[in-house]
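Shown next, in structure tokens, is the structure this report addresses.
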Amino acid sequence: MSESVENATGEREGRLNWPQADWFAERPTDPEELKKHNENTHEDNLYAVVDGKGATVPQVLQALTQLVARHESLRTLLSLGGNSGDRQRVTAVSAPAVEAAVSVSSVQAAEELFARVRHSSFELSPKWPFHAVLSTTGGRVEEIGLVTDHSAVDGWGMNVLRQDLDGFLRGVPPADPDVTQPLDVVRWEDSEAGKHHRRQALEYWTDQFQELRKAVGPQGGVDAGSSVVSTESDRYAGCMLRSTSLLKAAEVASARLRVPVATVLLMAFGAVLCRFTGTPSIGVLALSHNRWLENVRSSASKMFLQAPVLVSSPSPKDLSRAARDTFRRHTQANLFAHIDRAEAETVRDELLPGAHSIRVAGALFNFIDTSMFDLHTDPQGPLASSLAPRLLPDEEIVFEEERKHGPQLMLFAWQEPDSIAMRLAWRLNGELTRPGDLFLRDIGDAVTALARGLDPHAGAS
């Protein structure tokens, strides 16, 4: 169904515009395995805390009702892998539905309850991907803990939710009376403008895979008849590095090459991947806030999309040209990330069957400039304090606990006012055979090489 349909209860249904999917992951076909696969874990949850401003519980419930009425993604149910394909159903707003998504607790017990909700999995088909915990004292709400599944909201969207809820509590509605909703995207896709945009996106994806095919060969060095992703392990690891010197090096490289810091980090990541795979070029799936629709900056709907970017490992004399090429491709990836998933997979499978592999175009890159977000500095209560990020020692790599879900290989990078924080996540017993901490150091070395005008491929030791 390409158009949304509204029934007598006010619900709307349509095909699923799928920014939240792992585009190139192979989903199981067995019904039981598919059910397990579709159950997003707490590792995908996003959360934030809003000052309750001493409002009563009914007042906060009214504000939350306004919030879910404004943002359909908070009340959108997902049905995945059925006979009719992936579907989304936007449910109507009702008092019982809102109350079912809210827990009220005393201040003494709220912190533990908030932690439990954050570490719980949302059932995406029967229930809203949203829950709120109200911390109360004497009938007044001190703090509101918001938790959403990542299928509904991205980091930008969570910031929008926090700002909107704060406005509703203060009696100041958001400036934009209307926002882009999940099914608005479906309708846009079928408009003439949407069809034209998707044709351009398909041309971009085709061009990227054709160039990558020339660089790595038709199979990308991967046997098309074998499984690209190991299924022997369901364990995933991660490590983080916060570095003030890395920010300085990235800014020097940015000025030298006349490209943004994000492009510098993407070049470094690509160079390390090229060295690891022994290829002159590689594809990286670049994630971006693809907020190209009218009013979309005020939308909480998840807008993270990923598109292939061809990254080459240049010689020192070609650094400027390579930087410009990477920046151009990265910019185009942000513009043309929105594409029909089936069309993207068809292009990939025809041109480069082994593209799932991190050795071809399976690694992911995500850069976030923290200045995008309105990080509040209000006095913190117990719920907000429980979310305080752990301060990472400068220049030291910190390992995370193993997880049950995650990407094959992904680099997250945050540009902060005085440092860059990088997090590498990878599948254990998978394709990444180099220790993750050393791989992360390699990326930092490649950034330093770019700052000095050297070959980043050689800078990765």
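Going through the structure tokens in order, the chains are called A, B, and so on, while each chain numbers its residues from 1 and the ligands are numbered from 1 in the order shown.
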Sel. of helix (DSSP H, G or I) residues, stretch 133-167 of chain A, as a list of chain:residue names:
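Taking stretch 133-167 of chain A and keeping helix (DSSP H, G or I) only, one gets A:Gly155, A:Trp156, A:Gly157, A:Met158, A:Asn159, A:Val160, A:Leu161, A:Arg162, A:Gln163, A:Asp164, A:Leu165, A:Asp166, A:Gly167.
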Can you list, as a ChimeraX atom specification, every residue of stretch 225-403 of chain A that DSSP puts in strand (DSSP E or B)?
/A:236-243,281-289,301,304-312,363-369,394,397-399,403
Please provide as an MDAnalysis selection string all residues within 10 Å of stretch 54-71 of chain A, with the sequence filter that same-chain residues fewer than 5 positions apart are discarded (counting only C-alpha atoms).
chainID A and resid 76 91:95 97:99 101:102 104 128 130 132 134:144 152:153 157 160:162 164:171 173:174 177:182 298:301
Write out as a VMD selection string which residues come within 10 Å of A:Gln380 when counting only C-alpha atoms, dropping same-chain ones fewer than 3 positions away.
chain A and resid 49 to 51 143 376 to 377 383 to 388
How would the residues just chosen look if you wrote them out with N, CA and C atoms as a PDB file, in the first residue's frame?
```pdb
ATOM      1  N   VAL A  49      15.859  13.176  30.100  1.00  0.00           N
ATOM      2  CA  VAL A  49      15.124  13.585  31.304  1.00  0.00           C
ATOM      3  C   VAL A  49      14.681  15.029  31.137  1.00  0.00           C
ATOM      4  N   VAL A  50      13.425  15.295  31.497  1.00  0.00           N
ATOM      5  CA  VAL A  50      12.845  16.638  31.430  1.00  0.00           C
ATOM      6  C   VAL A  50      12.436  17.060  32.833  1.00  0.00           C
ATOM      7  N   ASP A  51      12.683  18.291  33.170  1.00  0.00           N
ATOM      8  CA  ASP A  51      12.270  18.847  34.466  1.00  0.00           C
ATOM      9  C   ASP A  51      10.743  18.868  34.547  1.00  0.00           C
ATOM     10  N   GLU A 143      10.735  15.072  38.034  1.00  0.00           N
ATOM     11  CA  GLU A 143      11.435  14.772  36.784  1.00  0.00           C
ATOM     12  C   GLU A 143      10.606  13.819  35.941  1.00  0.00           C
ATOM     13  N   HIS A 376      20.975  20.998  27.799  1.00  0.00           N
ATOM     14  CA  HIS A 376      20.585  21.882  28.890  1.00  0.00           C
ATOM     15  C   HIS A 376      21.520  21.719  30.081  1.00  0.00           C
ATOM     16  N   THR A 377      21.633  22.780  30.870  1.00  0.00           N
ATOM     17  CA  THR A 377      22.516  22.773  32.044  1.00  0.00           C
ATOM     18  C   THR A 377      21.727  23.083  33.303  1.00  0.00           C
ATOM     19  N   LEU A 383      17.126  11.380  38.397  1.00  0.00           N
ATOM     20  CA  LEU A 383      16.998  10.747  37.090  1.00  0.00           C
ATOM     21  C   LEU A 383      18.031  11.307  36.119  1.00  0.00           C
ATOM     22  N   ALA A 384      18.148  12.632  36.079  1.00  0.00           N
ATOM     23  CA  ALA A 384      19.123  13.239  35.172  1.00  0.00           C
ATOM     24  C   ALA A 384      20.544  12.850  35.549  1.00  0.00           C
ATOM     25  N   SER A 385      20.814  12.797  36.856  1.00  0.00           N
ATOM     26  CA  SER A 385      22.161  12.428  37.303  1.00  0.00           C
ATOM     27  C   SER A 385      22.504  11.002  36.898  1.00  0.00           C
ATOM     28  N   SER A 386      21.480  10.140  36.825  1.00  0.00           N
ATOM     29  CA  SER A 386      21.732   8.743  36.457  1.00  0.00           C
ATOM     30  C   SER A 386      22.154   8.606  35.004  1.00  0.00           C
ATOM     31  N   LEU A 387      21.913   9.646  34.201  1.00  0.00           N
ATOM     32  CA  LEU A 387      22.286   9.625  32.798  1.00  0.00           C
ATOM     33  C   LEU A 387      23.602  10.340  32.535  1.00  0.00           C
ATOM     34  N   ALA A 388      24.200  10.892  33.569  1.00  0.00           N
ATOM     35  CA  ALA A 388      25.453  11.637  33.373  1.00  0.00           C
ATOM     36  C   ALA A 388      26.479  10.733  32.718  1.00  0.00           C
TER      37      ALA A 388
END
```
Determine, counting only C-alpha atoms, which protein, DNA and RNA residues have an atom within 9 Å of an atom of stretch 275-287 of chain A; residues of the same chain fewer than 6 positions away are not included. Present the result as a PyMOL selection string.
chain A and resi 208-209+212+215-216+266+269+304-314+330+333-334+337+355+358-367+432+434+457-458+460
Do you know which residues are at most 10 Å from stretch 344-348 of chain A counting only C-alpha atoms, after dropping those on the same chain fewer than 5 positions away, and could you put them as a PyMOL selection string?
chain A and resi 23-24+201-203+205-210+307+338-339+353-356+361
Close residues, stretch 393-396 of chain A itself excluded, 7 Å, only C-alpha atoms, min 4 positions apart in chain, as a PyMOL selection string:
chain A and resi 241-244
